[in-house]
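Q: This is structure_0.csv, which holds CSV, C-alpha atoms and all ligand atoms:
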```csv
chain,number,residue,atom,x,y,z
B,1,MET,CA,-3.8,-17.4,-9.4
B,2,ASN,CA,-7.2,-18.8,-10.2
B,3,PHE,CA,-10.1,-16.5,-9.5
B,4,THR,CA,-13.4,-17.6,-8.1
B,5,ILE,CA,-15.9,-14.8,-7.8
B,6,ILE,CA,-18.9,-15.0,-5.4
B,7,ARG,CA,-21.6,-12.4,-5.7
B,8,PHE,CA,-24.0,-11.1,-3.1
B,9,ASP,CA,-26.9,-8.7,-3.4
B,10,SER,CA,-26.1,-7.1,0.0
B,11,LEU,CA,-23.4,-7.6,2.6
B,12,ASP,CA,-22.2,-5.7,5.6
B,13,SER,CA,-18.7,-5.5,4.1
B,14,THR,CA,-17.1,-7.6,1.4
B,15,ASN,CA,-13.9,-7.5,3.4
B,16,THR,CA,-15.7,-9.1,6.4
B,17,GLU,CA,-17.1,-11.8,4.2
B,18,ALA,CA,-13.8,-12.5,2.4
B,19,ALA,CA,-12.1,-12.8,5.9
B,20,ARG,CA,-14.8,-15.2,6.9
B,21,GLN,CA,-14.2,-17.3,3.8
B,22,ALA,CA,-10.4,-17.2,4.4
B,23,LYS,CA,-10.9,-18.5,7.9
B,24,LEU,CA,-12.9,-21.3,6.4
B,25,GLY,CA,-9.9,-22.2,4.2
B,26,ALA,CA,-10.7,-20.2,1.0
B,27,ASP,CA,-7.8,-20.3,-1.5
B,28,GLU,CA,-5.9,-17.3,-2.7
B,29,GLY,CA,-8.0,-15.7,-5.5
B,30,LEU,CA,-11.4,-16.0,-3.9
B,31,CYS,CA,-13.2,-12.7,-4.7
B,32,VAL,CA,-16.3,-11.4,-3.1
B,33,ILE,CA,-18.5,-8.8,-4.8
B,34,ALA,CA,-21.7,-7.2,-3.4
B,35,CYS,CA,-24.2,-4.9,-5.1
B,36,GLN,CA,-24.3,-2.9,-1.9
B,37,GLN,CA,-22.7,-2.8,1.6
B,38,THR,CA,-24.5,-1.8,4.7
B,39,ALA,CA,-21.3,-1.3,6.7
B,40,GLY,CA,-18.6,-0.6,4.1
B,41,ARG,CA,-15.3,0.2,5.8
B,42,GLY,CA,-12.6,2.7,4.8
B,43,ARG,CA,-9.2,3.1,6.5
B,44,HIS,CA,-8.9,4.4,10.1
B,45,GLY,CA,-12.4,3.3,11.0
B,46,ARG,CA,-14.1,5.5,8.3
B,47,THR,CA,-17.2,4.5,6.5
B,48,TRP,CA,-17.1,3.7,2.8
B,49,VAL,CA,-20.4,4.9,1.2
B,50,SER,CA,-21.8,1.8,-0.6
B,51,GLU,CA,-25.2,2.5,-2.1
B,52,LYS,CA,-26.8,-0.1,-4.2
B,53,ASP,CA,-25.2,-0.4,-7.7
B,54,SER,CA,-23.3,2.8,-7.2
B,55,GLY,CA,-19.9,1.3,-7.0
B,56,LEU,CA,-17.8,-1.8,-7.3
B,57,TYR,CA,-17.5,-3.3,-3.8
B,58,PHE,CA,-14.9,-6.0,-4.2
B,59,SER,CA,-12.6,-8.0,-1.9
B,60,ILE,CA,-10.0,-10.6,-2.7
B,61,VAL,CA,-8.3,-13.2,-0.5
B,62,LEU,CA,-4.5,-13.3,-1.0
B,63,ARG,CA,-1.9,-15.4,0.7
B,64,PRO,CA,1.3,-13.6,-0.2
B,65,LYS,CA,4.7,-15.2,0.4
B,66,LEU,CA,6.0,-11.8,1.5
B,67,ASP,CA,7.4,-10.5,4.8
B,68,MET,CA,4.5,-8.8,6.6
B,69,ARG,CA,6.6,-5.6,6.8
B,70,SER,CA,6.2,-5.4,3.1
B,71,LEU,CA,2.4,-5.3,3.3
B,72,SER,CA,2.3,-1.8,1.8
B,73,LEU,CA,3.5,-3.4,-1.4
B,74,VAL,CA,0.3,-5.3,-1.7
B,75,THR,CA,-1.6,-2.1,-1.4
B,76,LEU,CA,0.7,-0.4,-3.9
B,77,MET,CA,0.3,-3.3,-6.3
B,78,THR,CA,-3.5,-3.0,-6.0
B,79,GLY,CA,-3.3,0.7,-6.7
B,80,ILE,CA,-1.4,0.0,-9.9
B,81,ALA,CA,-4.1,-2.5,-11.0
B,82,VAL,CA,-6.9,-0.1,-10.2
B,83,PHE,CA,-5.0,2.7,-12.0
B,84,ASP,CA,-4.6,0.6,-15.2
B,85,THR,CA,-8.2,-0.6,-15.1
B,86,LEU,CA,-9.4,3.0,-15.0
B,87,LYS,CA,-7.0,4.1,-17.7
B,88,GLU,CA,-8.6,1.6,-20.0
B,89,LEU,CA,-11.8,3.6,-19.6
B,90,GLY,CA,-10.0,6.8,-20.7
B,91,ILE,CA,-9.6,8.2,-17.2
B,92,LYS,CA,-6.3,9.8,-16.2
B,93,PRO,CA,-5.9,8.8,-12.6
B,94,ASP,CA,-3.2,9.6,-10.0
B,95,ILE,CA,-2.3,7.5,-6.9
B,96,LYS,CA,-1.8,9.1,-3.5
B,97,TRP,CA,0.3,7.0,-1.1
B,98,VAL,CA,-0.7,4.5,0.0
B,99,ASN,CA,-4.2,3.6,-1.1
B,100,ASP,CA,-6.1,6.5,-2.8
B,101,VAL,CA,-6.8,6.5,-6.5
B,102,LEU,CA,-7.7,10.1,-7.5
B,103,VAL,CA,-8.7,12.0,-10.6
B,104,GLY,CA,-7.4,15.5,-10.1
B,105,ASP,CA,-7.8,15.8,-6.4
B,106,LYS,CA,-11.0,13.8,-6.1
B,107,LYS,CA,-11.1,10.3,-4.9
B,108,ILE,CA,-12.5,7.7,-7.3
B,109,SER,CA,-11.3,4.5,-5.6
B,110,GLY,CA,-10.0,3.3,-2.2
B,111,ILE,CA,-8.2,0.2,-1.1
B,112,LEU,CA,-8.3,-1.4,2.3
B,113,ALA,CA,-5.8,-4.2,3.0
B,114,GLU,CA,-6.5,-6.2,6.2
B,115,THR,CA,-4.7,-9.3,7.6
B,116,VAL,CA,-6.5,-12.2,9.1
B,117,GLU,CA,-5.3,-15.4,10.9
B,118,THR,CA,-6.5,-18.5,9.2
B,119,PRO,CA,-5.8,-22.2,9.9
B,120,THR,CA,-3.4,-22.3,6.9
B,121,GLY,CA,-1.5,-19.1,7.9
B,122,LEU,CA,-2.0,-15.3,7.6
B,123,ALA,CA,-4.1,-14.1,4.7
B,124,VAL,CA,-4.4,-10.6,3.4
B,125,ILE,CA,-7.9,-9.4,2.4
B,126,VAL,CA,-7.7,-6.6,-0.1
B,127,GLY,CA,-10.8,-4.6,-0.4
B,128,ILE,CA,-11.4,-2.3,-3.4
B,129,GLY,CA,-14.1,0.3,-3.7
B,130,VAL,CA,-14.5,2.0,-7.1
B,131,ASN,CA,-17.2,4.7,-7.5
B,132,LEU,CA,-19.3,4.0,-10.6
B,133,THR,CA,-21.7,6.9,-10.3
B,134,SER,CA,-21.8,10.1,-8.2
B,135,ARG,CA,-25.6,10.2,-8.1
B,136,ASN,CA,-26.0,8.8,-4.6
B,137,PHE,CA,-23.1,10.5,-2.8
B,138,PRO,CA,-24.1,12.2,0.4
B,139,ALA,CA,-23.7,16.0,0.4
B,140,GLU,CA,-20.7,15.9,2.9
B,141,ILE,CA,-18.4,14.2,0.4
B,142,VAL,CA,-19.7,15.3,-2.9
B,143,GLU,CA,-17.0,17.9,-3.4
B,144,THR,CA,-14.1,15.5,-2.6
B,145,VAL,CA,-15.1,12.4,-4.6
B,146,THR,CA,-15.7,11.5,-8.2
B,147,SER,CA,-16.9,8.5,-10.2
B,148,ILE,CA,-16.4,6.7,-13.5
B,149,GLU,CA,-19.7,8.1,-14.7
B,150,ALA,CA,-18.7,11.7,-13.8
B,151,GLU,CA,-15.4,11.4,-15.5
B,152,THR,CA,-16.4,9.6,-18.7
B,153,SER,CA,-20.3,9.8,-19.0
B,154,LYS,CA,-20.1,6.0,-19.2
B,155,GLN,CA,-22.3,3.8,-17.2
B,156,ILE,CA,-20.1,0.9,-16.3
B,157,LYS,CA,-21.4,-2.3,-14.7
B,158,ALA,CA,-19.6,-3.6,-11.6
B,159,ASN,CA,-19.2,-7.1,-12.9
B,160,GLY,CA,-17.5,-6.0,-16.2
B,161,LEU,CA,-15.1,-3.7,-14.2
B,162,ALA,CA,-14.3,-6.6,-11.8
B,163,GLU,CA,-13.3,-8.7,-14.9
B,164,THR,CA,-10.7,-6.2,-16.0
B,165,LEU,CA,-9.6,-5.5,-12.5
B,166,THR,CA,-8.9,-9.2,-11.7
B,167,GLN,CA,-6.8,-9.6,-14.9
B,168,TYR,CA,-4.6,-6.7,-13.8
B,169,LEU,CA,-4.5,-7.9,-10.2
B,170,GLY,CA,-3.4,-11.3,-11.3
B,171,TYR,CA,-0.7,-9.9,-13.5
B,172,PHE,CA,0.8,-7.4,-11.0
B,173,TYR,CA,0.5,-9.9,-8.1
B,174,ARG,CA,2.6,-12.5,-10.0
B,175,MET,CA,5.1,-9.7,-10.6
B,176,LEU,CA,5.2,-8.8,-6.9
B,177,GLU,CA,5.9,-12.4,-5.9
B,178,ASN,CA,8.9,-12.7,-8.2
B,179,GLY,CA,12.5,-12.2,-6.9
B,180,ASN,CA,12.7,-8.6,-8.1
B,181,GLY,CA,9.0,-7.9,-7.6
B,182,PRO,CA,9.1,-5.3,-4.9
B,183,ALA,CA,11.5,-3.1,-6.9
B,184,GLU,CA,9.4,-3.5,-10.0
B,185,ILE,CA,6.2,-2.6,-8.2
B,186,VAL,CA,7.9,0.5,-6.7
B,187,HIS,CA,9.0,1.4,-10.2
B,188,LEU,CA,5.6,1.0,-11.7
B,189,TRP,CA,4.0,3.0,-8.9
B,190,ARG,CA,6.5,5.8,-9.4
B,191,GLN,CA,5.4,6.0,-13.1
B,192,ARG,CA,1.7,6.4,-12.0
B,193,SER,CA,1.9,8.6,-9.0
B,194,THR,CA,2.6,12.4,-8.8
B,195,TYR,CA,3.1,11.8,-5.0
B,196,PHE,CA,6.3,9.7,-5.5
B,197,SER,CA,8.7,12.7,-5.1
B,198,GLY,CA,8.7,16.4,-4.8
B,199,LYS,CA,5.2,16.8,-3.4
B,200,GLN,CA,4.7,18.9,-0.4
B,201,VAL,CA,2.6,16.8,2.1
B,202,ARG,CA,1.4,16.5,5.6
B,203,VAL,CA,1.3,13.0,7.0
B,204,THR,CA,-0.9,12.2,10.1
B,205,LEU,CA,-0.7,9.1,12.1
B,206,ASP,CA,-2.1,8.7,15.7
B,207,GLY,CA,-1.9,12.4,16.3
B,208,GLU,CA,1.7,12.7,15.1
B,209,ILE,CA,2.2,15.1,12.1
B,210,VAL,CA,5.0,15.1,9.7
B,211,GLU,CA,5.3,17.8,7.1
B,212,GLY,CA,7.8,17.8,4.2
B,213,ILE,CA,8.5,16.8,0.7
B,214,THR,CA,8.1,13.3,-0.7
B,215,ASP,CA,11.3,11.7,-1.6
B,216,GLY,CA,10.5,8.3,-3.1
B,217,LEU,CA,9.6,5.0,-1.6
B,218,GLU,CA,11.6,2.4,0.4
B,219,GLU,CA,11.9,-1.0,-1.1
B,220,ASN,CA,9.1,-2.3,1.2
B,221,GLY,CA,6.8,0.5,-0.1
B,222,ALA,CA,7.2,2.9,2.9
B,223,LEU,CA,7.0,6.6,2.0
B,224,ARG,CA,10.1,8.8,2.4
B,225,VAL,CA,9.4,12.4,3.5
B,226,LYS,CA,12.2,14.9,3.7
B,227,ILE,CA,11.6,17.3,6.5
B,228,ALA,CA,12.8,20.9,7.1
B,229,ASP,CA,16.1,19.9,8.8
B,230,GLY,CA,17.0,17.8,5.8
B,231,SER,CA,16.5,14.4,7.4
B,232,VAL,CA,14.2,11.8,5.9
B,233,LYS,CA,11.2,10.3,7.8
B,234,ILE,CA,10.2,6.8,6.8
B,235,ILE,CA,6.4,6.5,6.9
B,236,GLN,CA,5.1,3.0,7.2
B,237,ALA,CA,1.4,4.0,7.7
B,238,GLY,CA,-0.6,7.2,7.9
B,239,ASP,CA,-2.8,9.6,6.0
B,240,VAL,CA,-1.2,11.8,3.4
B,241,GLU,CA,-2.6,15.2,2.5
B,242,ARG,CA,-1.2,17.4,-0.2
B,243,LEU,CA,-0.2,20.8,1.2
B,244,ARG,CA,0.1,23.2,-1.7
B,245,PRO,CA,-2.2,23.1,-4.7
B,246,ASN,CA,-0.2,22.4,-7.9
B,247,SER,CA,2.8,21.0,-6.0
P,301,LIG,C1,-10.3,3.8,1.9
P,301,LIG,O1,-10.0,4.6,1.0
P,301,LIG,O2,-10.4,4.3,3.1
P,301,LIG,C2,-10.5,2.4,1.7
P,301,LIG,C3,-11.9,2.1,1.2
P,301,LIG,C4,-12.1,0.6,0.8
P,301,LIG,C5,-13.5,0.3,0.4
P,301,LIG,C6,-13.7,-1.1,0.0
P,301,LIG,S1,-15.3,-1.4,-0.7
P,301,LIG,C7,-15.0,-3.1,-0.7
P,301,LIG,C8,-14.3,-3.4,0.6
P,301,LIG,N1,-15.2,-3.7,1.6
P,301,LIG,C9,-15.1,-2.7,2.6
P,301,LIG,O3,-15.9,-2.7,3.6
P,301,LIG,N2,-14.2,-1.8,2.3
P,301,LIG,C10,-13.5,-2.2,1.0
```
Translate this file's structure into structure tokens.
A:
Amino acid sequence: MNFTIIRFDSLDSTNTEAARQAKLGADEGLCVIACQQTAGRGRHGRTWVSEKDSGLYFSIVLRPKLDMRSLSLVTLMTGIAVFDTLKELGIKPDIKWVNDVLVGDKKISGILAETVETPTGLAVIVGIGVNLTSRNFPAEIVETVTSIEAETSKQIKANGLAETLTQYLGYFYRMLENGNGPAEIVHLWRQRSTYFSGKQVRVTLDGEIVEGITDGLEENGALRVKIADGSVKIIQAGDVERLRPNS
């Protein structure tokens, strides 16, 4: 995959701009970066706080040759790439299914994958937010989030981080598209996430709540949760919350 990076001082959302570019025919590998976002989006309609130069706000256009039921794998693959990028900085992250990169229990990065119809087929826009500094976090989230600066005392620039991230994204994306890619990605994710199995969780989606113990991933990236009666629920989407500290 060839990467082309376009940079903006300010955007509403890099995902919105990347989707616009994809509709105009952008090739796979087009990356959009902004110094700030005025309407940064998280999952489930949440806001992604995107103060100027306080984070990496990055979106990439992908045109995966995957069955759309395997879209979770694109998010998992991205989580692996973010994990390895942060590890290079000396951080020890964790990944919470499906898209949260944490340090301890605090979120350092989030991933938002969205699909968009384009004249040349369905594209996937993968948006990645990485917190560079904690200085501009609003009071409501300050306890639940962290940043590269808080974890390492290093002041990392968004552009340098994007360089490393795109290298890893290219590597793991090629892996995902190979014959055995989905199984390999699940395997790599397992090595990086304490949420893979044995974690007591509550999953919420559209008001439905499932509580149980994580029991690995399906080949398409869905999360398996074993519930009290011994049966396994397959979670394709939803918010995962850890139930017991230290579990
Ligand atoms: C989440 O954890 O809920 C996902 C957060 C994704 C945030 C990134 S920042 C770059 C891109 N543009 C957006 O509007 N959102 C994503």
Q: Show me, as a list in words, the residues that have an atom within 8 Å of Val82 (chain B) when counting only C-alpha atoms, minus same-chain residues fewer than 6 positions from it.
A: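 Non-adjacent residues within range: Val101, Ser109, Leu165 and Tyr168 of chain B.
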Q: Of the candidates B:Asn131, B:Asn220, B:Asn180, B:Asn2, which shows the shortest atom-to-atom distance to Val103 (chain B), using all atoms listed in the file?
A: B:Asn131
Q: Around ligand LIG 301 (chain P), which protein and nucleic acid residues have at least one atom no more than 10 Å from it, if we count all atoms listed in the file? List them as a PyMOL selection string.
A: chain B and resi 11-18+32-34+36-50+55-60+98-101+107-114+125-131+239
Q: Quick one: of B:Thr164, B:Thr194, B:Gln236, B:Thr144, who's nearest to Glu219 (chain B), counting only C-alpha atoms?
A: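 Nearest to Glu219 (chain B): B:Gln236.
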Q: Can you tell me, as a list in words, which residues sit within 6 Å of (-12.5, -13.6, 3.5) in the file's frame, using only C-alpha atoms?
A: Glu17, Ala18, Ala19, Arg20, Gln21, Ala22 and Val61 of chain B
Q: Store the residues picked out above in a file with C-alpha atoms, as a PDB file, keeping the file's coordinate frame.
A:
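And here is the file that came out, out.pdb:
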```pdb
ATOM      1  CA  GLU B  17     -17.100 -11.800   4.200  1.00  0.00           C
ATOM      2  CA  ALA B  18     -13.800 -12.500   2.400  1.00  0.00           C
ATOM      3  CA  ALA B  19     -12.100 -12.800   5.900  1.00  0.00           C
ATOM      4  CA  ARG B  20     -14.800 -15.200   6.900  1.00  0.00           C
ATOM      5  CA  GLN B  21     -14.200 -17.300   3.800  1.00  0.00           C
ATOM      6  CA  ALA B  22     -10.400 -17.200   4.400  1.00  0.00           C
ATOM      7  CA  VAL B  61      -8.300 -13.200  -0.500  1.00  0.00           C
TER       8      VAL B  61
END
```
Q: For Arg202 (chain B), find every residue with an atom within 12 Å (counting only C-alpha atoms), except residues of its own chain fewer than 4 positions away, and show them as a PyMOL selection string.
A: chain B and resi 97+195+207-214+223+225-227+233+235+238-244
Q: Suppose you want the space between CA of Tyr173 (chain B) and CA of Ser147 (chain B); what is it in Å?
A: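 Atom-to-atom, CA of Tyr173 (chain B) and CA of Ser147 (chain B) are spaced 25.4 Å apart.
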Q: Place a sphere of radius 9 Å on (0.7, -3.9, -6.9) in the file coordinates and name every protein, DNA or RNA residue with an atom inside or on its surface, counting all atoms listed in the file; give the answer as a VMD selection string.
A: chain B and resid 73 to 81 169 172 to 173 175 to 176 182 185 to 186 188 to 189
Q: Please indicate the distance in Å from CA of Phe3 (chain B) to CA of Leu86 (chain B), rounded to one decimal place.
A: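 Separation between CA of Phe3 (chain B) and CA of Leu86 (chain B): 20.3 Å.
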Q: Just how far from CA of Ala237 (chain B) is CA of Lys87 (chain B), in Å to one decimal?
A: 26.8 Å
Q: Would you list the contacts of region 148-152 of chain B as a ChimeraX atom specification, taking every protein, DNA or RNA residue within 7 Å and counting only C-alpha atoms, but skipping same-chain residues closer than 5 positions in sequence?
A: /B:91,131-134
Q: First collect every listed atom of region 215-228 of chain B; then fit an axis-aligned box around them, widen it by 6 Å on each side, and give centre and edge lengths in Å to one decimal, as lines of an AutoDock Vina configuration file.
A:
```
center_x = 9.8
center_y = 9.3
center_z = 2.0
size_x = 18.0
size_y = 35.2
size_z = 22.2
```
